[in-house]
$ cat protein10.cif   # mmCIF, C-alpha atoms
data_protein
loop_
_atom_site.label_atom_id
_atom_site.label_comp_id
_atom_site.auth_asym_id
_atom_site.auth_seq_id
_atom_site.Cartn_x
_atom_site.Cartn_y
_atom_site.Cartn_z
CA MET F 1303 2.71 -17.93 -10.40
CA ASN F 1304 -0.46 -16.07 -9.49
CA ASP F 1305 0.70 -15.92 -5.91
CA LEU F 1306 3.93 -14.22 -6.87
CA ILE F 1307 2.01 -11.66 -8.86
CA LYS F 1308 -0.39 -11.23 -5.99
CA LYS F 1309 2.57 -10.53 -3.75
CA GLN F 1310 4.02 -8.01 -6.18
CA ARG F 1311 0.70 -6.21 -6.47
CA PHE F 1312 0.34 -6.25 -2.71
CA HIS F 1313 3.77 -4.69 -2.43
CA THR F 1314 2.86 -1.89 -4.80
CA ILE F 1315 -0.67 -1.19 -3.60
CA VAL F 1316 -0.76 -1.96 0.12
CA MET F 1317 2.72 -2.06 1.65
CA PRO F 1318 3.47 1.66 1.06
CA HIS F 1319 0.72 2.54 3.54
CA LEU F 1320 2.32 0.84 6.52
CA SER F 1321 2.93 4.11 8.35
CA SER F 1322 -0.64 5.29 7.84
CA ALA F 1323 -1.83 1.96 9.19
CA PHE F 1324 0.44 2.17 12.20
CA ASN F 1325 -0.43 5.79 12.95
CA LEU F 1326 -4.15 5.00 12.97
CA ALA F 1327 -3.71 1.84 15.03
CA ARG F 1328 -1.49 3.70 17.49
CA TRP F 1329 -3.98 6.52 17.99
CA LEU F 1330 -6.83 4.07 18.41
CA SER F 1331 -5.14 1.63 20.76
CA HIS F 1332 -2.91 3.97 22.82
CA GLY F 1333 -0.11 1.43 23.01
CA HIS F 1334 2.91 0.79 20.84
CA GLN F 1335 2.91 -2.99 21.16
CA GLU F 1336 -0.86 -3.25 20.68
CA ALA F 1337 -0.64 -1.06 17.59
CA GLU F 1338 2.09 -3.25 16.09
CA ASP F 1339 0.05 -6.41 16.72
CA ILE F 1340 -3.08 -4.85 15.24
CA VAL F 1341 -1.22 -3.66 12.15
CA GLN F 1342 0.41 -7.02 11.65
CA GLU F 1343 -2.87 -8.85 11.87
CA ALA F 1344 -4.52 -6.27 9.61
CA PHE F 1345 -1.86 -6.85 6.95
CA LEU F 1346 -2.40 -10.58 7.15
CA ARG F 1347 -6.13 -10.09 6.69
CA ALA F 1348 -5.50 -7.65 3.85
CA PHE F 1349 -3.26 -10.17 2.12
CA LYS F 1350 -5.82 -12.90 2.61
CA TYR F 1351 -8.62 -10.85 1.07
CA PHE F 1352 -6.48 -9.02 -1.47
CA ASP F 1353 -7.98 -10.96 -4.39
CA GLY F 1354 -11.29 -9.31 -3.62
CA PHE F 1355 -9.88 -5.80 -3.74
CA HIS F 1356 -10.60 -4.12 -7.07
CA GLY F 1357 -10.62 -0.47 -6.06
CA ASP F 1358 -7.90 2.07 -6.68
CA ASP F 1359 -7.39 3.42 -3.16
CA GLY F 1360 -5.19 0.95 -1.34
CA ARG F 1361 -4.77 3.24 1.64
CA VAL F 1362 -8.49 3.64 2.38
CA TRP F 1363 -9.00 -0.09 1.91
CA LEU F 1364 -6.15 -0.94 4.27
CA LEU F 1365 -7.18 1.61 6.91
CA GLY F 1366 -10.69 0.13 6.90
CA ILE F 1367 -9.17 -3.27 7.70
CA VAL F 1368 -6.95 -1.76 10.40
CA ARG F 1369 -9.99 -0.16 11.98
CA ASN F 1370 -12.00 -3.41 11.92
CA THR F 1371 -9.04 -5.33 13.33
CA PHE F 1372 -8.75 -2.77 16.08
CA TYR F 1373 -12.42 -3.03 17.04
CA THR F 1374 -12.23 -6.82 17.18
CA TRP F 1375 -9.21 -6.56 19.44
CA TYR F 1376 -10.86 -3.81 21.46
CA GLN F 1377 -13.97 -5.87 22.16
CA GLN F 1378 -11.91 -8.88 23.13
CA ASN F 1379 -9.87 -6.83 25.55
CA LYS F 1380 -12.79 -4.76 26.86
CA ILE F 1381 -10.76 -1.62 27.31
CA GLN F 1382 -12.49 1.38 28.85
CA THR F 1383 -13.19 4.03 26.25
CA LYS F 1384 -12.31 7.00 28.37
CA SER F 1385 -9.39 5.53 30.27
CA THR F 1386 -6.79 8.17 30.95
CA PRO F 1387 -3.50 7.30 29.36
CA TYR F 1388 -0.85 6.10 31.70
CA GLU F 1389 1.94 8.33 32.84
CA ASP F 1390 4.67 6.36 31.10
CA GLU F 1391 2.56 6.25 27.99
CA LEU F 1392 2.69 10.02 27.82
CA TYR F 1393 6.40 10.15 28.44
CA GLY F 1394 6.62 7.66 25.63
CA LEU F 1395 4.82 10.14 23.43
CA GLU F 1396 7.61 12.67 23.78
CA PHE F 1397 10.16 10.28 22.41
CA GLU F 1398 8.06 9.30 19.48
CA MET F 1399 7.34 12.81 18.33
CA THR F 1400 8.00 13.27 14.68
CA SER F 1401 6.08 16.40 13.91
CA ILE F 1402 7.88 19.03 15.94
CA ARG F 1403 8.63 22.06 13.84
CA ASP F 1404 10.50 25.32 14.31
CA LYS F 1405 12.42 24.87 17.51
CA ASN F 1406 15.33 27.26 17.37
CA ASN F 1407 14.33 29.53 20.19
CA PRO F 1408 14.66 27.67 23.53
CA GLU F 1409 11.79 29.59 25.06
CA THR F 1410 9.49 28.94 22.12
CA LYS F 1411 10.63 25.37 22.26
CA LEU F 1412 9.60 24.99 25.87
CA ILE F 1413 6.19 26.57 25.38
CA GLN F 1414 5.68 24.65 22.22
CA LYS F 1415 6.68 21.39 23.75
CA ASN F 1416 4.36 21.94 26.65
CA SER F 1417 1.40 22.85 24.47
CA GLN F 1418 2.20 19.96 22.21
CA ARG F 1419 2.11 17.59 25.15
CA LEU F 1420 -1.22 19.01 26.29
CA LEU F 1421 -2.67 18.72 22.83
CA ASN F 1422 -1.64 15.10 22.47
CA GLU F 1423 -3.01 14.31 25.91
CA ALA F 1424 -6.28 15.98 24.99
CA LEU F 1425 -6.52 14.00 21.76
CA CYS F 1426 -5.82 10.80 23.70
CA GLU F 1427 -8.69 11.57 26.05
CA LEU F 1428 -11.16 12.35 23.31
CA PRO F 1429 -13.80 9.61 22.97
CA ILE F 1430 -12.80 7.16 20.32
CA GLU F 1431 -15.62 7.90 17.85
CA PHE F 1432 -14.35 11.47 17.58
CA ARG F 1433 -10.66 10.62 17.84
CA GLU F 1434 -10.71 8.30 14.85
CA VAL F 1435 -12.31 10.79 12.46
CA MET F 1436 -9.90 13.51 13.67
CA VAL F 1437 -6.87 11.32 13.02
CA MET F 1438 -8.15 10.36 9.57
CA ARG F 1439 -8.97 13.95 8.65
CA GLU F 1440 -6.17 15.98 10.21
CA LEU F 1441 -3.29 13.51 10.18
CA GLU F 1442 -4.07 11.34 7.19
CA ASP F 1443 -5.66 14.20 5.24
CA LEU F 1444 -8.50 11.98 4.02
CA SER F 1445 -11.57 13.53 2.41
CA TYR F 1446 -15.06 13.18 3.88
CA LYS F 1447 -15.84 10.76 1.10
CA GLN F 1448 -12.83 8.57 1.89
CA ILE F 1449 -13.61 8.56 5.61
CA ALA F 1450 -17.27 7.74 4.93
CA GLU F 1451 -16.24 4.85 2.69
CA LEU F 1452 -13.68 3.58 5.18
CA MET F 1453 -16.03 3.67 8.17
CA GLN F 1454 -19.15 2.84 6.17
CA ILE F 1455 -21.10 5.75 7.57
CA PRO F 1456 -22.81 8.66 5.76
CA MET F 1457 -20.72 11.73 4.91
CA GLY F 1458 -23.04 13.84 7.07
CA THR F 1459 -22.01 11.77 10.09
CA VAL F 1460 -18.34 12.33 9.28
CA MET F 1461 -19.03 16.06 9.17
CA SER F 1462 -20.94 16.20 12.46
CA ARG F 1463 -18.39 14.03 14.29
CA LEU F 1464 -15.56 16.27 13.14
CA GLY F 1465 -17.47 19.35 14.28
CA ARG F 1466 -18.35 17.90 17.68
CA GLY F 1467 -14.90 16.35 18.11
CA ARG F 1468 -13.17 19.68 17.56
CA LYS F 1469 -15.46 21.41 20.03
CA GLN F 1470 -14.87 18.76 22.65
CA LEU F 1471 -11.11 18.82 22.07
CA ALA F 1472 -11.11 22.60 22.56
CA THR F 1473 -12.94 22.14 25.88
CA ILE F 1474 -10.53 19.46 27.14
CA LEU F 1475 -7.57 21.57 26.05
CA LEU F 1476 -8.92 24.66 27.77
CA ALA F 1477 -9.35 22.76 31.04
CA LYS F 1478 -5.78 21.51 30.81
CA THR F 1479 -4.36 24.93 30.04
CA GLU F 1480 -6.24 26.48 32.96
CA ASN F 1481 -4.59 23.94 35.22
CA GLY F 1482 -1.41 25.67 34.11
CA GLY F 1483 -0.36 22.65 32.18
CA ALA F 1484 0.90 21.19 35.45
CA LYS F 1485 0.93 17.47 35.44
CA MET X 609 -30.15 29.02 4.83
CA ASN X 610 -31.04 29.51 8.49
CA HIS X 611 -28.63 29.57 11.43
CA GLU X 612 -29.16 25.96 12.42
CA GLN X 613 -28.52 24.65 8.92
CA ALA X 614 -25.40 26.79 8.68
CA GLN X 615 -24.14 25.47 12.02
CA ASN X 616 -24.55 21.92 10.75
CA LEU X 617 -22.58 22.61 7.60
CA LEU X 618 -19.87 24.60 9.34
CA PRO X 619 -17.32 21.78 9.74
CA ALA X 620 -17.53 21.02 6.03
CA TYR X 621 -16.99 24.72 5.29
CA VAL X 622 -13.85 24.65 7.45
CA ASP X 623 -12.66 21.55 5.61
CA LYS X 624 -13.53 22.99 2.20
CA GLU X 625 -15.80 20.05 1.54
CA LEU X 626 -18.85 22.02 0.41
CA SER X 627 -19.84 22.26 -3.22
CA LEU X 628 -19.72 25.67 -4.88
CA SER X 629 -23.48 26.14 -4.68
CA GLU X 630 -23.49 25.12 -1.02
CA VAL X 631 -20.71 27.62 -0.32
CA VAL X 632 -22.70 30.43 -1.94
CA ASP X 633 -25.74 29.45 0.07
CA PHE X 634 -23.75 29.06 3.28
CA GLU X 635 -21.95 32.39 2.97
CA ARG X 636 -25.20 34.26 2.47
CA HIS X 637 -25.93 33.49 6.12
CA PHE X 638 -22.36 33.26 7.39
CA ASN X 639 -21.25 36.73 6.28
CA SER X 640 -23.83 38.36 8.50
CA CYS X 641 -23.68 35.98 11.51
CA THR X 642 -21.07 36.76 14.18
CA LYS X 643 -21.80 33.55 16.07
CA CYS X 644 -21.08 31.42 13.01
CA GLN X 645 -17.91 33.37 12.33
CA LEU X 646 -16.60 32.80 15.86
CA GLU X 647 -17.47 29.14 15.62
CA TYR X 648 -15.62 28.96 12.31
CA GLN X 649 -12.49 30.51 13.83
CA GLU X 650 -12.57 28.03 16.69
CA GLN X 651 -13.01 25.01 14.41
CA ALA X 652 -10.25 26.19 12.10
CA ARG X 653 -7.93 26.85 15.05
CA VAL X 654 -8.37 23.34 16.49
CA SER X 655 -7.95 21.80 13.06
CA THR X 656 -4.67 23.64 12.45
CA LEU X 657 -3.49 22.87 15.96
CA ILE X 658 -3.85 19.14 15.40
CA LYS X 659 -2.42 19.22 11.91
CA ASN X 660 0.70 21.00 13.15
CA ASN X 661 1.20 19.51 16.58
CA ALA X 662 -0.37 16.10 16.93
CA LEU X 663 2.04 13.22 16.77
CA TYR X 664 2.38 11.16 13.67
CA PHE X 665 3.48 7.70 14.69
CA GLU X 666 5.84 6.22 12.14
CA ALA X 667 6.08 2.46 11.88
CA LYS X 668 9.46 1.03 12.76
CA PRO X 669 11.36 -0.78 9.98
CA GLU X 670 11.26 -3.97 12.05
CA LEU X 671 7.48 -4.01 11.74
CA ALA X 672 7.73 -3.96 7.95
CA GLU X 673 10.17 -6.88 8.13
CA ARG X 674 7.88 -8.79 10.45
CA ILE X 675 4.94 -8.34 8.09
CA GLU X 676 7.05 -9.27 5.07
CA SER X 677 8.12 -12.52 6.65
CA VAL X 678 4.60 -13.41 7.71
CA ILE X 679 3.18 -12.81 4.25
CA THR X 680 6.00 -14.76 2.64
CA VAL X 681 5.29 -17.73 4.88
CA ASP X 682 1.58 -17.46 4.11
CA LEU X 683 2.40 -17.69 0.43
CA SER X 684 4.60 -20.74 0.92
CA LYS X 685 1.62 -22.76 2.06
CA ALA X 686 0.37 -22.73 -1.51
CA PHE X 687 3.64 -22.78 -3.43
CA PRO X 688 6.50 -23.78 -1.16
CA GLN X 689 8.86 -24.25 -4.07
CA LYS X 690 8.62 -20.67 -5.17
CA ILE X 691 9.61 -18.86 -2.04
CA GLN X 692 12.84 -16.98 -2.14
CA GLY X 693 14.17 -14.99 0.78
CA HIS X 694 13.24 -13.82 4.29
CA PHE X 695 12.39 -16.85 6.32
CA TRP X 696 14.59 -16.55 9.34
CA ASN X 697 12.83 -13.53 10.68
CA LEU X 698 9.77 -15.27 12.03
CA ASN X 699 7.61 -14.05 14.80
CA TRP X 700 4.68 -16.03 16.11
CA PRO X 701 2.30 -14.30 18.47
CA GLY X 702 0.12 -16.89 20.17
CA SER X 703 -3.10 -15.26 19.01
CA TRP X 704 -2.47 -16.44 15.47
CA ASP X 705 -2.98 -20.06 16.11
CA GLY X 706 -6.50 -19.63 14.81
CA ILE X 707 -5.31 -18.38 11.48
CA TRP X 708 -2.70 -21.04 11.04
CA GLY X 709 -4.60 -24.03 12.23
CA SER X 710 -2.12 -25.79 14.45
CA LYS X 711 1.49 -25.41 15.38
CA GLY X 712 2.13 -28.68 13.56
CA ALA X 713 0.98 -27.14 10.31
CA ILE X 714 3.26 -24.19 10.93
CA MET X 715 6.21 -26.44 11.50
CA ALA X 716 5.42 -28.46 8.38
CA SER X 717 5.18 -25.42 6.16
CA LEU X 718 8.26 -23.97 7.81
CA ALA X 719 10.19 -27.16 7.13
CA ALA X 720 9.06 -27.18 3.52
CA LEU X 721 10.07 -23.59 3.29
CA ILE X 722 13.52 -24.15 4.70
CA ILE X 723 14.13 -27.11 2.41
CA SER X 724 12.97 -25.27 -0.68
CA THR X 725 14.88 -22.18 0.31
CA SER X 726 18.09 -24.10 0.84
CA LEU X 727 17.57 -25.74 -2.55
CA PHE X 728 17.15 -22.32 -3.98
CA PHE X 729 20.36 -21.09 -2.43
CA ALA X 730 22.21 -24.24 -3.39
CA THR X 731 21.63 -23.81 -7.11
CA PRO X 732 23.92 -21.25 -8.69
CA SER X 733 22.04 -18.17 -9.68
CA ALA X 734 22.10 -18.89 -13.41
CA GLN X 735 18.46 -17.87 -13.53
CA GLU X 736 19.31 -14.70 -11.68
CA LYS X 737 22.07 -13.89 -14.16
CA LEU X 738 19.78 -14.55 -17.10
CA THR X 739 17.12 -12.30 -15.61
CA GLU X 740 19.68 -9.52 -15.28
CA GLU X 741 20.86 -10.06 -18.81
CA LEU X 742 17.36 -9.96 -20.25
CA THR X 743 16.48 -6.80 -18.34
CA ALA X 744 19.67 -5.15 -19.58
CA SER X 745 18.89 -6.20 -23.14
CA HIS X 746 15.36 -4.87 -22.84
CA ILE X 747 16.61 -1.50 -21.56
CA ARG X 748 19.28 -1.34 -24.28
CA SER X 749 16.73 -2.05 -26.98
CA LEU X 750 14.74 0.96 -25.80
CA GLN X 751 17.72 3.29 -25.36
CA ALA X 752 19.59 2.65 -28.58
CA ASN X 753 16.47 3.02 -30.68
CA HIS X 754 17.20 -0.48 -31.82
CA LEU X 755 13.98 -2.17 -30.97
CA SER X 756 13.44 -3.80 -34.36
CA ASP X 757 15.57 -5.01 -37.24
CA VAL X 758 12.53 -5.78 -39.30
CA ILE X 759 9.64 -3.41 -38.83
CA SER X 760 6.29 -4.86 -39.70
CA THR X 761 2.91 -5.39 -38.21
CA ASP X 762 2.45 -8.52 -40.29
CA GLN X 763 3.42 -11.87 -38.82
CA HIS X 764 3.96 -13.19 -42.37
CA THR X 765 6.70 -10.60 -42.91
CA VAL X 766 8.32 -11.06 -39.52
CA LYS X 767 8.41 -14.85 -39.55
CA PRO X 768 10.29 -15.35 -42.86
CA TRP X 769 12.74 -12.62 -41.87
CA PHE X 770 14.23 -14.98 -39.30
CA ASN X 771 14.83 -17.66 -41.95
CA GLY X 772 18.51 -18.32 -42.45
CA LYS X 773 19.44 -16.10 -39.54
CA LEU X 774 18.75 -18.67 -36.84
CA ASP X 775 19.01 -22.43 -36.54
CA PHE X 776 15.43 -22.61 -35.29
CA ALA X 777 12.09 -21.20 -36.38
CA PRO X 778 10.54 -19.06 -33.62
CA PRO X 779 6.75 -19.12 -33.48
CA VAL X 780 5.46 -15.72 -34.55
CA ILE X 781 1.95 -15.32 -33.20
CA ASP X 782 -0.47 -12.59 -34.19
CA LEU X 783 -2.24 -11.19 -31.14
CA THR X 784 -3.59 -7.99 -32.70
CA ALA X 785 -7.16 -9.05 -31.99
CA THR X 786 -6.46 -9.17 -28.24
CA GLY X 787 -4.74 -5.78 -28.07
CA PHE X 788 -1.12 -6.86 -28.49
CA PRO X 789 -0.09 -6.09 -32.08
CA ILE X 790 3.32 -7.16 -33.40
CA THR X 791 5.50 -4.23 -34.39
CA GLY X 792 8.65 -6.02 -35.49
CA GLY X 793 11.40 -8.52 -34.85
CA ARG X 794 15.16 -8.56 -34.27
CA LEU X 795 18.08 -10.79 -33.42
CA ASP X 796 19.70 -10.50 -30.03
CA TYR X 797 22.50 -12.21 -28.18
CA ILE X 798 21.57 -13.66 -24.79
CA ASN X 799 23.25 -16.26 -22.64
CA GLY X 800 25.89 -16.97 -25.29
CA LYS X 801 23.34 -17.65 -28.04
CA THR X 802 21.81 -15.78 -30.93
CA ILE X 803 18.10 -15.68 -30.27
CA ALA X 804 14.87 -14.31 -31.72
CA VAL X 805 13.05 -11.31 -30.32
CA ILE X 806 9.51 -10.49 -31.38
CA ILE X 807 8.35 -7.03 -30.45
CA TYR X 808 4.74 -6.50 -29.42
CA HIS X 809 3.06 -3.35 -28.21
CA HIS X 810 0.23 -2.73 -25.82
CA ASN X 811 -1.01 0.86 -25.51
CA LYS X 812 2.42 2.25 -26.42
CA HIS X 813 4.23 -0.09 -24.01
CA PRO X 814 6.72 -2.23 -25.90
CA ILE X 815 7.04 -5.91 -25.01
CA ASN X 816 10.19 -7.78 -25.96
CA LEU X 817 9.47 -11.47 -26.35
CA TYR X 818 12.72 -13.46 -26.28
CA ILE X 819 12.58 -16.96 -27.79
CA TRP X 820 15.19 -19.69 -28.02
CA PRO X 821 15.21 -23.49 -28.07
CA ASN X 822 14.80 -25.15 -24.73
CA THR X 823 16.70 -28.28 -23.79
CA SER X 824 15.39 -28.92 -20.31
CA GLY X 825 11.66 -29.75 -20.24
CA ASP X 826 8.64 -27.48 -19.98
CA SER X 827 8.27 -25.05 -17.13
CA ALA X 828 5.24 -23.24 -15.82
CA MET X 829 4.72 -19.52 -16.08
CA HIS X 830 6.62 -17.47 -13.56
CA ALA X 831 6.79 -13.70 -13.09
CA THR X 832 9.59 -11.65 -11.60
CA ALA X 833 10.48 -7.97 -11.45
CA ARG X 834 13.79 -6.21 -12.07
CA LYS X 835 14.46 -2.48 -11.95
CA GLY X 836 10.82 -1.66 -12.49
CA TYR X 837 10.37 -4.05 -15.40
CA THR X 838 8.31 -7.19 -15.32
CA LEU X 839 9.62 -10.47 -16.71
CA VAL X 840 7.44 -13.48 -17.38
CA HIS X 841 9.07 -16.78 -18.22
CA TRP X 842 7.74 -20.13 -19.36
CA ALA X 843 8.91 -23.00 -21.52
CA THR X 844 6.72 -25.11 -23.74
CA GLY X 845 6.93 -27.07 -27.01
CA GLY X 846 10.72 -27.07 -26.98
CA MET X 847 11.04 -23.28 -26.69
CA ASN X 848 12.03 -20.92 -23.93
CA TYR X 849 9.97 -17.75 -23.69
CA TRP X 850 10.78 -14.58 -21.78
CA ALA X 851 8.48 -11.59 -22.06
CA VAL X 852 9.93 -8.34 -20.73
CA SER X 853 8.04 -5.06 -20.42
CA ASP X 854 7.21 -2.07 -18.28
CA LEU X 855 3.60 -3.24 -18.30
CA GLU X 856 2.21 -4.20 -14.92
CA ALA X 857 2.61 -7.86 -14.02
CA THR X 858 -1.05 -8.86 -14.45
CA LYS X 859 -1.15 -7.38 -17.97
CA LEU X 860 2.06 -9.05 -19.02
CA VAL X 861 0.92 -12.39 -17.68
CA SER X 862 -2.34 -12.05 -19.56
CA PHE X 863 -0.27 -11.40 -22.70
CA ALA X 864 1.82 -14.49 -21.98
CA GLU X 865 -1.24 -16.63 -21.40
CA LYS X 866 -2.83 -15.54 -24.67
CA LEU X 867 0.38 -16.21 -26.51
CA GLN X 868 0.84 -19.61 -24.94
CA ALA X 869 -2.71 -20.57 -25.85
CA GLN X 870 -2.05 -19.62 -29.49
CA VAL X 871 1.29 -21.44 -29.63
CA SER X 872 -0.33 -24.68 -28.55
CA VAL X 873 -3.07 -24.28 -31.18
CA ASN X 874 -0.68 -23.57 -34.08
#

$ encode --input "protein10.cif" --output "structure tokens"
Amino acid sequence: MNDLIKKQRFHTIVMPHLSSAFNLARWLSHGHQEAEDIVQEAFLRAFKYFDGFHGDDGRVWLLGIVRNTFYTWYQQNKIQTKSTPYEDELYGLEFEMTSIRDKNNPETKLIQKNSQRLLNEALCELPIEFREVMVMRELEDLSYKQIAELMQIPMGTVMSRLGRGRKQLATILLAKTENGGAK
Amino acid sequence: MNHEQAQNLLPAYVDKELSLSEVVDFERHFNSCTKCQLEYQEQARVSTLIKNNALYFEAKPELAERIESVITVDLSKAFPQKIQGHFWNLNWPGSWDGIWGSKGAIMASLAALIISTSLFFATPSAQEKLTEELTASHIRSLQANHLSDVISTDQHTVKPWFNGKLDFAPPVIDLTATGFPITGGRLDYINGKTIAVIIYHHNKHPINLYIWPNTSGDSAMHATARKGYTLVHWATGGMNYWAVSDLEATKLVSFAEKLQAQVSVN
């Protein structure tokens, strides 16, 4: 009986955040298949430890587990932090785009698409400690407090990483744009 | 605030994460510092750029199904007889062997699952039909403003009211002390029988407790959900009990447990 209720609660509190979990895992791991495996394992862990969850923010709780699961996987696989994403990986990005807006004008569309590609490449290349806070802040719209809780770091660190991350992203992006966006 | 302090706080100013007093302090420097203002514009530009252009990776529906099936199987290890549904959609990445113990254990729980699931499918869905009927009755009782035939917060008024109206005497338990006061009773017609309904409330949420004689042994407490309502069923002391409410499952189960404890005492 308690297990059925546990499952119902899990459905209400944790399952709705699947996309957030996947988005974070995908930005951290760079690969679709890896992200799916990480998310799946994270959900299993979440379900296992769900009895111990008494907070009210299921998303932050789940994303914390996704992040831990990722780092475990990351250490096991010893992936290079600054590895440049593979060519096909970036083509893959184009197909998975879900946030393209305002694309009526073909010319605008082309410029936009190009700058969008550069931006996503730049974000991919950003060191992971900056990339993760950027994704949480800009894409998941989490507050400093939520990010601090999730990563178990002080809010001041969240603030400084966001500041430095944005600066570094601007530098990477500038270098790419000066190359004429040629790839 | 000096320039260095302002530079440190700048990201939080961009993100509107500063307190009002910090903002006042910050702007005292910021409004007269061109370097800080340029830095602000740059931070805000990058932030907007990512918000508007960075990819948001949506999970595919298949991933949700995969996770569902895995969790369902996990559950079956404890209560194989209670699993209903998705079991054919299994996916076993090798890296999970650690979690599951051995493949033998997986096969055993899978076998138990398949057997129990086929038993579940083999029995006609009388339970399913009853669940539907109770949910419909619960909704109707709320819509038609016909929650109670006898309105009273006193168990000694509600209990005698059923006399002569039914061929059994439903236990009417007072749970006011634990936050579930009785507000009335009524007769209803479920599953081809006239039955008793005791109405409880918890923080303005009504609970319909359906009671009728049980002919087939006791059964343990079991919760299900239909159309946003929670139903908790158990059978004890020759009576069937169904509690239906919009309360969350844990609350309704706690109600049921308190009630059951009282029934066995009385």

$ interface_residues --input "protein10.cif" --of "chain F" --to "chain X" --cutoff "8 Å" --atoms "only C-alpha atoms" --output "VMD selection string"
chain F and resid 1303 1305 to 1307 1310 to 1311 1320 to 1322 1324 to 1325 1328 1338 1342 1345 to 1346 1349 1395 1398 to 1402 1418 1421 to 1422 1440 to 1441 1445 to 1446 1461 to 1462 1464 to 1465 1468 to 1469 1471 to 1472

$ resolve_selection --input "protein10.cif" --expression "the PyMOL selection byres ((chain X and resi 815) around 9)" --output "NGL selection string"
:X and (746 or 788 or 806-810 or 813-814 or 816-817 or 851-855 or 860)

$ atom_distance --input "protein10.cif" --atom1 "atom CA of F:Ala1424" --atom2 "atom CA of F:Lys1478"
8.0 Å

$ closest_residue --input "protein10.cif" --among "F:Glu1427, F:Arg1361, F:Met1457, F:Ile1367" --to "F:His1332" --atoms "all atoms listed in the file"
F:Glu1427

$ atom_distance --input "protein10.cif" --atom1 "atom CA of X:Ser827" --atom2 "atom CA of X:Ala843"
4.9 Å

$ residues_near_point --input "protein10.cif" --point "(-4.5, -5.9, 16.3)" --cutoff "8 Å" --atoms "all atoms listed in the file" --output "list in words"
Ala1327, Glu1336, Ala1337, Glu1338, Asp1339, Ile1340, Val1341, Gln1342, Glu1343, Ala1344, Val1368, Thr1371, Phe1372, Thr1374 and Trp1375 of chain F

$ resolve_selection --input "protein10.cif" --expression "the PyMOL selection byres ((chain X and resi 780) around 9)" --output "list in words"
Gln763, His764, Val766, Lys767, Ala777, Pro778, Pro779, Ile781, Asp782, Ile790, Ile806 and Val871 of chain X

$ closest_residue --input "protein10.cif" --among "F:Leu1475, F:Val1362, F:Tyr1373, F:Asn1379" --to "F:Glu1423" --atoms "only C-alpha atoms"
F:Leu1475

$ atom_distance --input "protein10.cif" --atom1 "atom CA of F:His1319" --atom2 "atom CA of F:Tyr1376"
22.3 Å

$ residues_around --input "protein10.cif" --residues "X:Ala744" --least-positions-apart "3" --cutoff "12 Å" --atoms "all atoms listed in the file" --output "list in words"
Lys737, Leu738, Thr739, Glu740, Glu741, Ile747, Arg748, Ser749, Leu750, Gln751, Ala752, Asp796, Tyr797, Ile798, Asn816, Arg834, Lys835, Gly836, Tyr837, Leu839, Val852 and Ser853 of chain X

$ closest_residue --input "protein10.cif" --among "F:Val1460, F:Met1453, F:Ile1315, F:Leu1428" --to "F:Leu1365" --atoms "only C-alpha atoms"
F:Met1453
